[in-house]
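> Below you'll find the structure I mean.
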Amino acid sequence: MLPVKFNKNGGLRLQAFRKARSSTFMLKRSLHSRILVLIVGLISVGVIISIYWELKNREKELLEEKLRASRFMAQPILSAIYEDMLEERADMARHLINSLSKGEGIDSLYIVRSNGVEEAFKDLKTIEEVKKEFGEVKPEWLTDHMDEPENVARGVNTQEFKSALESFRKDWKRGAVNYIDKTDPENPVFTYLQPIEKKSKCNTCHATEGARGILVIRTSLADMYHILAKGRNEWVISGILAISVGAVLLSLLIKRSITGPIRKNVEVIKRIAEGRGNMSERVEVTAEHEVGYLASAFNNMLDTLEKRADENEKLFELVTKSKEEWVATFDAIQDLISIHDKDYRILKINKALARKFNSQPEDLIGSRCFELLYNCTAPKCNCPHSRTLKTGAIADAEVDDMVFEGAYKVTTFPVYNDAGEVWASVHVARDITQEKMLREQLLHAEKLSSVGKLVAGIAHELNNPLMGIMGFSQILMDTPGDKKLDDIKDKLRKIYHESLRTAKIVQNLLTFARAKKTEREYHNINDILKHTVELREYSLKANNIQVALDFEEGLPKTMVDLFQLQQVFINIMNNAEDAMVARKGKGRLEIRTRRNRRKIEIAFCDDGPGIPKEIIHKVFDPFFTTKDVGKGTGLGLSITHGIITEHGGTIDIATAEEGGAVVTIELPVVEKEQWAEVKKAVDHGATYSDLTGKKVLVVDDEKSIREALYSILSAEGFKVETARDGREALEILERTKITLLITDIKMPGYSGMDLYESVLQKHEYLKNRMIIVTGDVFSQDVKDFLAKCGCPHILKPFEPKKLTGLIQEVLSEEAKI
């Protein structure tokens, strides 16, 4: 059945005939000519083959006649030769050859001696041999006898003659040989070679081999080719006449039996296809053969199509309506939707995305997605569309670098062809700018909530080392002057250790509480857990919580956000602590890490009451909490679940059989190509002999800090000057040139920020020779300043060797420049 389609008005259109409308009658004419040409061609080939066959047979017959004539002519010559030998004569064969060579059609007739070069009777060589043998010759032997100085027989240089001579020399009794000599292409010659055998009487006049030779009879073939040409012309003319008459008869037969009925069928089809006919018109069936069967089949098809016309019209209307509804739905969605093919070209785009470009969807179709959406020259390395094309799976990514502002969650869905291959993807971009902002605010709020809980414990924890510092300081002040130096050093050592302990507590708290943009780096999970436990150590001990650490050695690093994971671990430890304290006032928390193939497994196991089965599926829901009002926000585990999911991991909570809750986290081991952990090694144990005598200016509003830094740096060999604010520092810089400037940021009057700007204007040589010392990490202006100036900085409090190491590094870099 031929393919058809209908317009929305119900009119039938035959697709196959519609495409061939302009070539219908040409097809009719070409069919007639093709059949005629094919049959005439076959007949012509047959005639040509017949003529060729007849010519070859005729040529063979004529050559056989030449062969018979040559054999007939050779017999008397051979007889004359042997007769001359028997009668000891030397002239009868010569005269006979001369007579026969003048016959009609004879090109040449001669005898070639056994050496294959010389022609007999052309010189006196044989007569001289006879004279030498018998002492005399008869006069008649010399009558009309030629004597040419150069005797080379005709035709002896052809390859055919040489081949025949070789065969004769092997066996002189073999039969004659014949071939056509085409040395002269315009006058080919039939050549007959008859070997002359040696008789016993021949040795009387000839040497052993001299008694042998070859009789050569060369007959012209001009008459034969003339006969063949004449016959060929007659046969060709007869064939042309026969083919012409046959072609006319065949043309009439083809028109009557094939092309005539087909033309009538095509006319009916053409009228229906062009709308000039109607569905009730039928093709006339005129014969019971293939053409008639074709007409009957077409009539049956028209019957079927006429019945289905109404159904197709309704179906067309339904499809049109469905398409309009789909387009309306597609354009009504406010997410940015487009369809991209394998070449990253946009095939379809909804109005919401087109409005972002102040354009219409049809104007953007055909653009490359990475050029239109990201203004890039190539697809991005983490492109969801590329991943979907490669894997056939749904892919997503969060992006904030589209050509229009905002953060978007991009998801791509595969589109398959009939072969089951992905050939395109549906690209959906959802604006998550507000959602992301709220998520970050919630995360930071939860973190600050945890900080508030930490501060209470840390305040007590700070009091312990401060108490030690105050006590040992008082002892030193009350120590008599004659006290041993070792006792004084011991007290100072204890004061120093307690100071380090205090600094570490403060730094851990500040590190956890610092608001920081999400940034993943390579970290060791064991190290993060150790630092987090240190942060919660005092509170856990105060609540009688025993912590057991079971970390697998050699755990691989992975790409994570340090601060977000600290938030996760703090939330889990807080929940475990609250549950164990509420149940029995003490408890045991075990934290273990393991490597499981390409994943890192982290487990928190407590011996609290566990989680009831009826609520365990709700623990990750936002604002769900089992604590009393005012004691929990219900966001901790929800945020924890979101952070772990963003890291490509999983988190699971279960109740152990022996009691207590088990929180299991799995994080993927993320490798980074060509990653090399670079550490700038500073040899703190080295002596800084090259720093001796170099001038350093220390600027700080705290007198104790100025005096401490003065003593530390002087001990390292520096010449140190101090200033209590920025103005005093500038006065010193006006009268002396220094090597390095160390300054605080927050100072009354003229701050470190003001000093930095003045130094850039008046003392530019110090641009890369400044170190910032500060204890403020929360103020936004401090963070902005440190980011802007790019100067190396160190946080108070710090160990003296860290400062000297940083000084060495700064001066070394300056020396390289």
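A note on labels: chains of the structure tokens are A, B, ... as shown, every chain counts residues from 1, and ligands are counted from 1 in their shown order.
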Residues at most 8 Å from Phe620 in chain A, counting only C-alpha atoms, excluding those fewer than 5 positions away in the same chain, as a list in words?

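Contacts, in chain order: Leu637, Ser638 and His641 of chain A.
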
> Please provide the set of residues having any atom within 12 Å of Gly749 in chain A, restricted to only C-alpha atoms, with same-chain residues fewer than 5 positions apart removed, written as a list in words.

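Using only C-alpha atoms, the neighbours found are Asp700, Asp701, Arg724, Asp725, Gly726, Arg727, Glu728, Asp754 and Leu755 of chain A.
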
> Which polymer residues have any atom within 12 Å of an atom of range 419-421 of chain A, counting only C-alpha atoms, with same-chain residues fewer than 3 positions away left out, as number ranges by chain?

A: 342, 388-393, 414-416, 424-425

> Can you pull out the residues contacting range 644-654 of chain A? Cut-off 9 Å, using only C-alpha atoms, and skip same-chain residues under 2 positions away; I want them as a list in words.

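Contacts, in chain order: Met559, Val560, Asp561, Gln564, Leu565, Val568, Lys599, Gly610, Ile611, Lys613, Ile616, His617, Val619, Ile639, Thr640, His641, Gly642, Ala656, Gly660, Ala661, Val662, Val663, Thr664, Ile665, Glu666, Leu667 and Pro668 of chain A.
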
> I need the alpha helix (DSSP H) residues of range 226-422 of chain A per DSSP on the backbone, written as a PyMOL selection string.

chain A and resi 226-254+260-273+290-332+351-356+361-364+369-374+384-391

> Just how far from CA of Ile602 in chain A is CA of Phe563 in chain A, in Å to one decimal?

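Computed distance, CA of Phe563 in chain A to CA of Ile602 in chain A, equals 16.7 Å.
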
> Show me, as a VMD selection string, the residues that have an atom within 12 Å of Ile745 in chain A when counting only C-alpha atoms, minus same-chain residues fewer than 4 positions from it.

chain A and resid 698 to 702 724 to 726 749 to 756 770 to 777 779 781 to 783 785 to 786 791 793 to 796

> Excluding Ile712 in chain A and residues on its chain fewer than 4 positions from it, collect all residues at most 9 Å away from it, counting only C-alpha atoms, and give them as a CSV table (one decimal) with N, CA and C atoms, in the first residue's frame.


```csv
chain,number,residue,atom,x,y,z
A,707,GLU,N,57.2,45.1,73.0
A,707,GLU,CA,58.4,44.7,73.7
A,707,GLU,C,58.7,43.2,73.4
A,708,ALA,N,57.7,42.4,73.4
A,708,ALA,CA,57.9,41.0,73.1
A,708,ALA,C,58.6,40.8,71.7
A,716,GLU,N,67.3,37.3,67.1
A,716,GLU,CA,67.5,36.7,65.8
A,716,GLU,C,68.5,37.5,65.0
A,800,PRO,N,56.9,32.4,68.3
A,800,PRO,CA,58.0,33.2,67.7
A,800,PRO,C,58.6,32.6,66.5
A,804,THR,N,59.4,34.3,62.6
A,804,THR,CA,60.8,34.3,62.0
A,804,THR,C,60.8,33.5,60.7
```

> Using only C-alpha atoms, which of the listed residues (A:Asp303, A:Glu234, A:Glu166, A:Glu274) sits closest to Ile214 in chain A?

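Selected residue with least distance to Ile214 in chain A: A:Glu166.
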
> When distances are computed from only C-alpha atoms, which of A:Ile48, A:Glu313, A:Pro261, A:Asn768 shows the smallest separation from Ser238 in chain A?

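Closest residue, counting only C-alpha atoms: A:Ile48.
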
> I need the residue nearest Leu62 in chain A from this list: A:Ser244, A:Thr219, A:Ser167, A:Ser44. Use only C-alpha atoms for the distance.

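The closest residue to Leu62 in chain A is A:Thr219.
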
> So, counting only C-alpha atoms, which residue among A:Met73, A:Pro609, A:Glu614, A:Lys530 is closest to Thr593 in chain A?

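Comparing A:Met73, A:Pro609, A:Glu614, A:Lys530 against Thr593 in chain A, the winner is A:Lys530.
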